[in-house]
Structures are given as structure tokens and as C-alpha cells.
$ cat protein_18.cif   # mmCIF, C-alpha atoms
data_my_file
loop_
_atom_site.label_atom_id
_atom_site.label_comp_id
_atom_site.auth_asym_id
_atom_site.auth_seq_id
_atom_site.Cartn_x
_atom_site.Cartn_y
_atom_site.Cartn_z
CA MET A 1 -28.31 184.27 199.57
CA ALA A 2 -29.94 185.64 202.71
CA ASP A 3 -32.65 183.62 204.44
CA CYS A 4 -36.11 184.68 203.24
CA ARG A 5 -37.34 185.30 206.82
CA GLN A 6 -34.46 187.75 207.30
CA GLU A 7 -35.47 189.42 204.06
CA HIS A 8 -39.07 189.66 205.34
CA SER A 9 -37.92 191.55 208.42
CA ARG A 10 -36.24 194.09 206.17
CA LYS A 11 -39.31 194.20 203.93
CA MET A 12 -41.58 194.96 206.88
CA HIS A 13 -40.55 198.60 206.40
CA LYS A 14 -43.68 198.70 204.20
CA LEU A 15 -45.88 197.86 207.16
CA ARG A 16 -45.84 201.25 208.90
CA PRO A 17 -46.66 203.34 205.80
CA LEU A 18 -49.48 200.94 204.90
CA ARG A 19 -50.84 201.22 208.44
CA LEU A 20 -50.58 205.00 208.45
CA GLU A 21 -52.34 205.27 205.06
CA ARG A 22 -55.35 203.86 206.87
CA ALA A 23 -54.88 206.21 209.84
CA TRP A 24 -54.53 203.15 212.09
CA THR A 25 -52.58 202.91 215.30
CA GLN A 26 -50.41 199.88 215.95
CA GLU A 27 -53.17 198.70 218.27
CA ASP A 28 -55.77 199.06 215.49
CA LEU A 29 -53.68 196.93 213.13
CA ALA A 30 -52.96 194.36 215.81
CA LYS A 31 -56.66 193.98 216.61
CA ALA A 32 -57.61 193.75 212.93
CA ALA A 33 -54.95 191.10 212.31
CA GLY A 34 -55.49 189.19 215.54
CA ILE A 35 -51.92 189.63 216.74
CA SER A 36 -50.33 191.49 219.62
CA THR A 37 -49.46 195.18 219.51
CA GLY A 38 -45.93 194.21 220.53
CA THR A 39 -45.62 192.04 217.43
CA VAL A 40 -46.64 194.96 215.20
CA LEU A 41 -44.09 197.17 216.97
CA ARG A 42 -41.27 194.64 216.56
CA LEU A 43 -42.10 194.03 212.91
CA GLU A 44 -42.18 197.74 212.11
CA LYS A 45 -38.78 198.16 213.80
CA GLY A 46 -37.37 195.16 211.92
CA ALA A 47 -36.56 193.55 215.26
CA ARG A 48 -37.98 190.18 214.22
CA ALA A 49 -38.87 188.27 211.10
CA PRO A 50 -42.56 187.42 210.81
CA TYR A 51 -43.98 183.94 210.63
CA PRO A 52 -45.86 183.24 207.39
CA THR A 53 -49.17 183.09 209.27
CA THR A 54 -48.50 186.55 210.71
CA VAL A 55 -47.77 187.98 207.25
CA ARG A 56 -51.03 186.48 205.96
CA LYS A 57 -53.00 187.97 208.87
CA LEU A 58 -51.43 191.39 208.32
CA ALA A 59 -52.13 191.32 204.58
CA GLU A 60 -55.74 190.32 205.17
CA ALA A 61 -56.21 193.04 207.78
CA LEU A 62 -54.70 195.66 205.45
CA GLY A 63 -56.69 194.41 202.46
CA ILE A 64 -53.58 193.85 200.35
CA ASP A 65 -52.05 190.94 198.49
CA VAL A 66 -49.69 189.01 200.74
CA ARG A 67 -46.97 189.31 198.07
CA ILE A 68 -46.63 193.01 198.87
CA LEU A 69 -45.23 192.03 202.26
CA THR A 70 -43.35 188.87 201.22
CA LYS A 71 -41.23 189.68 198.21
CA CYS A 72 -37.63 188.64 198.77
CA GLY A 73 -34.47 189.69 197.00
CA PRO A 74 -33.51 192.79 195.10
CA PRO A 75 -36.19 194.43 192.93
CA GLU A 76 -34.85 192.98 189.69
CA GLU A 77 -35.35 189.44 191.09
CA GLU A 78 -38.84 190.01 192.48
CA ASP A 79 -40.66 189.47 189.19
CA ALA A 80 -38.42 186.67 187.92
#
$ encode --input "protein_18.cif" --output "C-alpha cells"
Amino acid sequence: MADCRQEHSRKMHKLRPLRLERAWTQEDLAKAAGISTGTVLRLEKGARAPYPTTVRKLAEALGIDVRILTKCGPPEEEDA
């Protein structure tokens, strides 16, 4: 099975739509989460897997449950 951090990088495809729903720039999200704009860019591109603390900060900034950004595995395994 793939490493969960690798799965997170693929799951970060949710990050951009969630950011855009709020009409935020990458800079807006970075400031709200207390991370760098470059980190937001790399996560949205899937260029790096996030650290758990980064995922928590992003979820808090977006006002969502952290599980939205951290589910691993195919959909049928997510609720198991």
C-alpha cells in the first residue's frame, strides 16, 4: 500500500477548489494558515506531501474538518 503522506499529496487536489470557493488567493490561504505561499503552491501542484501540522493549519484556516484533507486510500476504504 502507498505511504499515507504520498496519498496526502494526491489528495491535496481538494485544496485549490476549497481555496477558490472562498475567493482566496494562495497568499490569503498561506497567511490564514500561517504557512508560506510557496508551500500552498507546492501542495496544490502535488509537488510535496504535507506534514500533519500543515494539514491541520490548512483545515483550521479553511474552517473544515481535517479529515477532508487527510483521507487515504480509495473511496471504498475511506469509511472503513
$ closest_residue --input "protein_18.cif" --among "A:Arg22, A:Lys31, A:Lys45, A:His13" --to "Leu58 in chain A" --atoms "only C-alpha atoms"
A:Lys31
$ atom_distance --input "protein_18.cif" --atom1 "CA of Ala61 in chain A" --atom2 "CA of Ala30 in chain A"
8.8 Å
$ residues_around --input "protein_18.cif" --residues "Leu62 in chain A" --least-positions-apart "5" --cutoff "8 Å" --atoms "all atoms listed in the file" --output "PyMOL selection string"
chain A and resi 18-19+29
$ write_last_selection --input "protein_18.cif" --atoms "C-alpha atoms" --output "PDB file, in the frame of the given file"
ATOM      1  CA  LEU A  18     -49.480 200.940 204.900  1.00  0.00           C
ATOM      2  CA  ARG A  19     -50.840 201.220 208.440  1.00  0.00           C
ATOM      3  CA  LEU A  29     -53.680 196.930 213.130  1.00  0.00           C
TER       4      LEU A  29
END
$ atom_distance --input "protein_18.cif" --atom1 "CA of Leu69 in chain A" --atom2 "CA of Leu15 in chain A"
7.6 Å
$ residues_near_point --input "protein_18.cif" --point "(-45.2, 186.4, 211.6)" --cutoff "12 Å" --atoms "only C-alpha atoms" --output "PDB file with C-alpha atoms, in the frame of the given file"
ATOM      1  CA  ARG A   5     -37.340 185.300 206.820  1.00  0.00           C
ATOM      2  CA  GLN A   6     -34.460 187.750 207.300  1.00  0.00           C
ATOM      3  CA  HIS A   8     -39.070 189.660 205.340  1.00  0.00           C
ATOM      4  CA  SER A   9     -37.920 191.550 208.420  1.00  0.00           C
ATOM      5  CA  MET A  12     -41.580 194.960 206.880  1.00  0.00           C
ATOM      6  CA  ALA A  30     -52.960 194.360 215.810  1.00  0.00           C
ATOM      7  CA  ALA A  33     -54.950 191.100 212.310  1.00  0.00           C
ATOM      8  CA  GLY A  34     -55.490 189.190 215.540  1.00  0.00           C
ATOM      9  CA  ILE A  35     -51.920 189.630 216.740  1.00  0.00           C
ATOM     10  CA  SER A  36     -50.330 191.490 219.620  1.00  0.00           C
ATOM     11  CA  GLY A  38     -45.930 194.210 220.530  1.00  0.00           C
ATOM     12  CA  THR A  39     -45.620 192.040 217.430  1.00  0.00           C
ATOM     13  CA  VAL A  40     -46.640 194.960 215.200  1.00  0.00           C
ATOM     14  CA  ARG A  42     -41.270 194.640 216.560  1.00  0.00           C
ATOM     15  CA  LEU A  43     -42.100 194.030 212.910  1.00  0.00           C
ATOM     16  CA  GLU A  44     -42.180 197.740 212.110  1.00  0.00           C
ATOM     17  CA  GLY A  46     -37.370 195.160 211.920  1.00  0.00           C
ATOM     18  CA  ALA A  47     -36.560 193.550 215.260  1.00  0.00           C
ATOM     19  CA  ARG A  48     -37.980 190.180 214.220  1.00  0.00           C
ATOM     20  CA  ALA A  49     -38.870 188.270 211.100  1.00  0.00           C
ATOM     21  CA  PRO A  50     -42.560 187.420 210.810  1.00  0.00           C
ATOM     22  CA  TYR A  51     -43.980 183.940 210.630  1.00  0.00           C
ATOM     23  CA  PRO A  52     -45.860 183.240 207.390  1.00  0.00           C
ATOM     24  CA  THR A  53     -49.170 183.090 209.270  1.00  0.00           C
ATOM     25  CA  THR A  54     -48.500 186.550 210.710  1.00  0.00           C
ATOM     26  CA  VAL A  55     -47.770 187.980 207.250  1.00  0.00           C
ATOM     27  CA  ARG A  56     -51.030 186.480 205.960  1.00  0.00           C
ATOM     28  CA  LYS A  57     -53.000 187.970 208.870  1.00  0.00           C
ATOM     29  CA  LEU A  58     -51.430 191.390 208.320  1.00  0.00           C
ATOM     30  CA  ALA A  59     -52.130 191.320 204.580  1.00  0.00           C
ATOM     31  CA  LEU A  69     -45.230 192.030 202.260  1.00  0.00           C
ATOM     32  CA  THR A  70     -43.350 188.870 201.220  1.00  0.00           C
TER      33      THR A  70
END
$ residues_around --input "protein_18.cif" --residues "Ile68 in chain A" --least-positions-apart "2" --cutoff "9 Å" --atoms "only C-alpha atoms" --output "list in words"
Lys11, Lys14, Ala59, Ile64, Asp65, Val66, Thr70 and Lys71 of chain A
